[in-house]
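Data block below; observations after.
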Amino acid sequence: MKIHLSQFGKLLISRPSGREAYLVTKAYLLSQSTSEVEIDFSGVQVATPSWLDEFVTPLREQYGDKVRYSHTDNPSVQASLEILRTTPSL
Amino acid sequence: MTEPLIDSATRWVVMKTAQVAPPNEWYASTRDIFQTRLETFLSRTQKSVGDTAYLLTAIVGEIGNNSFDHNLGQWSDVPGIFFADDINKKVIVLADRGQGVRQTISRVMPQIATDEEALMVAFTQVVSGRSPERRGNGLKFVAQIIKQHGWLLTFQSGNAELKYDQGRLFPVCKLQMRINGCLAIIYY
């Protein structure tokens with residue numbers, strides 16, 4: 001299942017909007033047959049660890065290493081994913 | 001325009017009680033307004049500093065949203081945040097009249113006795129005043145980006161100031177005045 005994050009906006013900043021994006025994704029984009037998830041960052045201009053924590057972390061909890069990222073060239077995307085990897089929230 | 005901009009934010013956060021919001025062009029009363037202002041900020045800053053604007057917008061977004069995350073429903077008086085920048089002087093100012101860092105951190109770490117300790121914890125440890133909600137890495141991200149780029153950040157809350165400059169964290173110091181809420185100034 002490929003999720004185009006730019007569907008949620010070009011600036012992915014706040015926790016509430018990240019949480020809402022995850023809930024909508026869970027309700028309408030993921031199904032029982034979903035076995036892997038590709039998160040495509042094309043078109044995203046700014047991402048923060050707060051937004052990504054609300055969206056990516058529950059997906060990782062459900063799908064583990066079957067969550068992949070693509071088009072992560074943007075510096076804020078790279079830095080935010082790195083902080084999530086090295087400094088996970090409690 | 002830089003000194004008046006910082007002076008205006010400082011005057012607003014040191015007032016014992018505030019009945020007036022900052023000038024409209026520097027004020028975001030809600031998170032949605034802040035988001036819109038960030039989009040404009042990104043667009044303007046990109047023309048000046050290129051791709052660095054993405055990281056700048058991310059750290060400004062983290063600091064500004066922290067104000068809403070920790071103060072919704074309990075602002076001291078004027079809700080929302082002061083958000084302004086001077087693209088020529090490369091300075092960004094954010095401020096709120098919220099509860100301040102010590103109040104939020106001491107909710108989960110009651111042993112925190114001073115504003116200085118609270119600032120150090122907020123920027124160096126993964127902890128959140130909204131525990132048990134899972135959060136707490138936003139200011140660590142801000143610190144990392146500031147350090148990596150050698151930018152200057154001063155962050156004041158209560159009677160303490162924390163500073164990062166040229167990749168280094170300086171000892172937290174005591175202020176002469178008291179900040180009601182938070183005041184962040186970034187030079188990039």
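Identifiers in the structure tokens: chain A, B, ... in order shown; residue index from 1 per chain; ligand index from 1 in order shown.
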Can I get the residues of chain B within 6 Å of chain A, each with the closest pair of atoms and their distance in Å to one decimal, using only C-alpha atoms, sorted chain first then ascending number, as CSV?
residue,atom,partner,partner_atom,distance
B:Tyr54,CA,A:Val46,CA,5.4
B:Leu55,CA,A:Ser76,CA,5.0
B:Ala58,CA,A:Thr48,CA,5.5
B:Gly61,CA,A:Ile13,CA,6.0
B:Arg134,CA,A:Leu90,CA,5.0
B:Arg135,CA,A:Ser89,CA,4.7
B:Gly136,CA,A:Ser89,CA,5.4
B:Asn137,CA,A:Ser89,CA,5.6
Using N, CA and C atoms, can you export the residues from the last selection as an mmCIF file, in the first residue's frame?
data_model
loop_
_atom_site.group_PDB
_atom_site.id
_atom_site.type_symbol
_atom_site.label_atom_id
_atom_site.label_comp_id
_atom_site.auth_asym_id
_atom_site.auth_seq_id
_atom_site.Cartn_x
_atom_site.Cartn_y
_atom_site.Cartn_z
ATOM 1 N N TYR B 54 13.418 24.851 4.541
ATOM 2 C CA TYR B 54 12.599 23.709 4.996
ATOM 3 C C TYR B 54 12.911 23.376 6.445
ATOM 4 N N LEU B 55 14.207 23.369 6.783
ATOM 5 C CA LEU B 55 14.593 23.061 8.166
ATOM 6 C C LEU B 55 14.192 24.188 9.108
ATOM 7 N N ALA B 58 10.601 23.900 9.815
ATOM 8 C CA ALA B 58 10.335 22.754 10.699
ATOM 9 C C ALA B 58 10.594 23.120 12.157
ATOM 10 N N GLY B 61 8.056 25.551 13.368
ATOM 11 C CA GLY B 61 6.803 24.819 13.554
ATOM 12 C C GLY B 61 6.779 24.048 14.867
ATOM 13 N N ARG B 134 2.448 9.925 24.380
ATOM 14 C CA ARG B 134 3.782 9.644 23.860
ATOM 15 C C ARG B 134 4.239 10.818 23.007
ATOM 16 N N ARG B 135 5.162 11.615 23.545
ATOM 17 C CA ARG B 135 5.704 12.770 22.834
ATOM 18 C C ARG B 135 7.006 13.154 23.530
ATOM 19 N N GLY B 136 7.554 14.302 23.166
ATOM 20 C CA GLY B 136 8.707 14.793 23.931
ATOM 21 C C GLY B 136 10.013 14.937 23.171
ATOM 22 N N ASN B 137 10.001 14.748 21.821
ATOM 23 C CA ASN B 137 11.271 14.863 21.114
ATOM 24 C C ASN B 137 11.379 16.126 20.254
#
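For Arg130 (chain B), the non-local neighbours within 8 Å, defined as residues at least 4 positions apart in the same chain or in other chains and counting only C-alpha atoms, are His70, Thr104, Val108 and Arg135 of chain B.
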Export N, CA, C and O atoms of the chosen residues as a PDB file, in the first residue's frame?
ATOM      1  N   HIS B  70       0.889  22.768  24.849  1.00  0.00           N
ATOM      2  CA  HIS B  70       0.994  22.778  26.309  1.00  0.00           C
ATOM      3  C   HIS B  70       0.151  23.848  26.989  1.00  0.00           C
ATOM      4  O   HIS B  70       0.091  23.881  28.218  1.00  0.00           O
ATOM      5  N   THR B 104       5.021  23.085  33.052  1.00  0.00           N
ATOM      6  CA  THR B 104       4.624  21.900  32.301  1.00  0.00           C
ATOM      7  C   THR B 104       5.516  20.709  32.642  1.00  0.00           C
ATOM      8  O   THR B 104       5.032  19.607  32.836  1.00  0.00           O
ATOM      9  N   VAL B 108       5.345  16.264  35.423  1.00  0.00           N
ATOM     10  CA  VAL B 108       5.830  14.876  35.359  1.00  0.00           C
ATOM     11  C   VAL B 108       7.158  14.688  36.067  1.00  0.00           C
ATOM     12  O   VAL B 108       7.577  13.561  36.326  1.00  0.00           O
ATOM     13  N   ARG B 135       5.162  11.615  23.545  1.00  0.00           N
ATOM     14  CA  ARG B 135       5.704  12.770  22.834  1.00  0.00           C
ATOM     15  C   ARG B 135       7.006  13.154  23.530  1.00  0.00           C
ATOM     16  O   ARG B 135       7.481  12.431  24.381  1.00  0.00           O
TER      17      ARG B 135
END
Tell me which of B:Ile33, B:Ala95, B:Ala122, B:Leu72 sits closest to Asp7 (chain B), counting only C-alpha atoms. B:Ala95
Write down as a ChimeraX atom specification the residues belonging to region 9-182 of chain B that are assigned alpha helix (DSSP H) by DSSP computed on the backbone. /B:9-14,31-49,52-71,101-105,115-124,138-149
Spatial neighbours of Cys173 (chain B), max dist 12 Å, only C-alpha atoms, sep filter under 2 positions, as a ChimeraX atom specification: /B:114-120,154-163,169-171,175-177
Would you mind exporting N, CA and C atoms of the selected residues as a short mmCIF file (atom, residue, chain, number, x, y, z; two decimals), in the first residue's frame?
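As a result, result.cif now contains:
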data_model
loop_
_atom_site.label_atom_id
_atom_site.label_comp_id
_atom_site.auth_asym_id
_atom_site.auth_seq_id
_atom_site.Cartn_x
_atom_site.Cartn_y
_atom_site.Cartn_z
N THR B 114 13.67 24.68 39.58
CA THR B 114 14.00 26.00 39.02
C THR B 114 13.72 26.05 37.52
N ASP B 115 13.59 27.28 37.03
CA ASP B 115 13.39 27.46 35.59
C ASP B 115 14.62 27.00 34.80
N GLU B 116 15.80 27.18 35.41
CA GLU B 116 17.03 26.74 34.73
C GLU B 116 17.03 25.23 34.50
N GLU B 117 16.70 24.48 35.56
CA GLU B 117 16.65 23.02 35.43
C GLU B 117 15.61 22.61 34.39
N ALA B 118 14.46 23.27 34.42
CA ALA B 118 13.37 22.92 33.50
C ALA B 118 13.79 23.10 32.05
N LEU B 119 14.47 24.20 31.73
CA LEU B 119 14.91 24.44 30.35
C LEU B 119 15.92 23.38 29.91
N MET B 120 16.85 23.06 30.79
CA MET B 120 17.87 22.06 30.43
C MET B 120 17.20 20.72 30.14
N THR B 154 18.19 31.59 21.44
CA THR B 154 18.01 31.87 22.86
C THR B 154 16.57 31.53 23.18
N PHE B 155 16.38 30.78 24.25
CA PHE B 155 15.05 30.35 24.66
C PHE B 155 14.89 30.73 26.13
N GLN B 156 13.91 31.57 26.39
CA GLN B 156 13.70 32.08 27.74
C GLN B 156 12.34 31.64 28.26
N SER B 157 12.31 31.26 29.54
CA SER B 157 11.04 30.94 30.20
C SER B 157 11.23 31.15 31.69
N GLY B 158 10.23 31.77 32.34
CA GLY B 158 10.40 32.11 33.75
C GLY B 158 11.54 33.10 33.89
N ASN B 159 12.51 32.79 34.76
CA ASN B 159 13.65 33.70 34.88
C ASN B 159 14.94 33.04 34.41
N ALA B 160 14.83 32.17 33.40
CA ALA B 160 16.01 31.48 32.88
C ALA B 160 16.11 31.61 31.36
N GLU B 161 17.37 31.51 30.91
CA GLU B 161 17.64 31.54 29.48
C GLU B 161 18.59 30.42 29.11
N LEU B 162 18.23 29.70 28.03
CA LEU B 162 19.09 28.67 27.47
C LEU B 162 19.57 29.18 26.11
N LYS B 163 20.83 28.92 25.79
CA LYS B 163 21.37 29.43 24.52
C LYS B 163 22.22 28.37 23.81
N LEU B 169 26.06 24.29 23.35
CA LEU B 169 25.07 24.64 24.36
C LEU B 169 25.78 25.38 25.49
N PHE B 170 25.32 26.59 25.79
CA PHE B 170 25.91 27.37 26.86
C PHE B 170 25.22 27.04 28.18
N PRO B 171 25.90 27.26 29.31
CA PRO B 171 25.23 27.02 30.60
C PRO B 171 23.98 27.88 30.70
N LEU B 175 17.84 35.12 34.39
CA LEU B 175 17.51 36.42 33.82
C LEU B 175 17.18 37.43 34.92
N GLN B 176 17.34 38.70 34.59
CA GLN B 176 16.94 39.76 35.52
C GLN B 176 15.42 39.90 35.54
N MET B 177 14.80 39.61 34.39
CA MET B 177 13.35 39.80 34.30
C MET B 177 12.66 38.43 34.31
#
At a cut-off of 9 Å, using only C-alpha atoms, what residues contact His4 (chain A)? Leave out same-chain residues fewer than 5 positions from it and give the result as a PyMOL selection string. chain A and resi 38-43
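CA of Arg102 (chain B) sits 11.2 Å away from CA of Ser128 (chain B).
Between CA of Leu5 (chain A) and CA of Asp51 (chain B) there is a distance of 19.3 Å.
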Quick check, in Å to one decimal: how far apart do CA of Phe8 (chain A) and CA of Glu20 (chain A) lie? 9.5 Å
Tell me which protein, DNA and RNA residues are within 8 Å of Ile185 (chain B), counting only C-alpha atoms, leaving out same-chain ones fewer than 3 positions away, and put them as a PDB file with N, CA and C atoms, in the first residue's frame.
ATOM      1  N   ILE B   6      12.095  42.252  18.524  1.00  0.00           N
ATOM      2  CA  ILE B   6      12.417  41.513  19.748  1.00  0.00           C
ATOM      3  C   ILE B   6      11.887  42.275  20.957  1.00  0.00           C
ATOM      4  N   VAL B  91      16.367  36.838  11.388  1.00  0.00           N
ATOM      5  CA  VAL B  91      15.985  36.581  12.773  1.00  0.00           C
ATOM      6  C   VAL B  91      14.505  36.215  12.833  1.00  0.00           C
ATOM      7  N   ILE B  92      14.197  35.281  13.735  1.00  0.00           N
ATOM      8  CA  ILE B  92      12.821  34.807  13.934  1.00  0.00           C
ATOM      9  C   ILE B  92      12.511  34.933  15.423  1.00  0.00           C
ATOM     10  N   VAL B  93      11.310  35.407  15.742  1.00  0.00           N
ATOM     11  CA  VAL B  93      10.918  35.558  17.144  1.00  0.00           C
ATOM     12  C   VAL B  93       9.577  34.858  17.369  1.00  0.00           C
ATOM     13  N   LEU B  94       9.537  34.029  18.406  1.00  0.00           N
ATOM     14  CA  LEU B  94       8.287  33.362  18.802  1.00  0.00           C
ATOM     15  C   LEU B  94       8.109  33.567  20.296  1.00  0.00           C
ATOM     16  N   LEU B 152      22.029  30.582  16.094  1.00  0.00           N
ATOM     17  CA  LEU B 152      21.911  31.051  17.472  1.00  0.00           C
ATOM     18  C   LEU B 152      20.453  30.933  17.910  1.00  0.00           C
ATOM     19  N   LEU B 153      20.243  30.238  19.017  1.00  0.00           N
ATOM     20  CA  LEU B 153      18.907  30.162  19.611  1.00  0.00           C
ATOM     21  C   LEU B 153      19.013  30.612  21.050  1.00  0.00           C
ATOM     22  N   THR B 154      18.195  31.588  21.441  1.00  0.00           N
ATOM     23  CA  THR B 154      18.013  31.866  22.861  1.00  0.00           C
ATOM     24  C   THR B 154      16.569  31.532  23.180  1.00  0.00           C
ATOM     25  N   PHE B 155      16.384  30.781  24.247  1.00  0.00           N
ATOM     26  CA  PHE B 155      15.048  30.347  24.661  1.00  0.00           C
ATOM     27  C   PHE B 155      14.889  30.727  26.128  1.00  0.00           C
TER      28      PHE B 155
END
For the strand (DSSP E or B) assignment from backbone DSSP, which residues of region 42-90 of chain B qualify? Please present them as a VMD selection string. chain B and resid 81 to 86
Quick one: residues within 12 Å of region 58-67 of chain A, only C-alpha atoms, excluding same-chain residues fewer than 5 positions away - as a PyMOL selection string? (chain A and resi 1-3+18-19+21-23+25-26+30-40+51-53+84-85) or (chain B and resi 134)
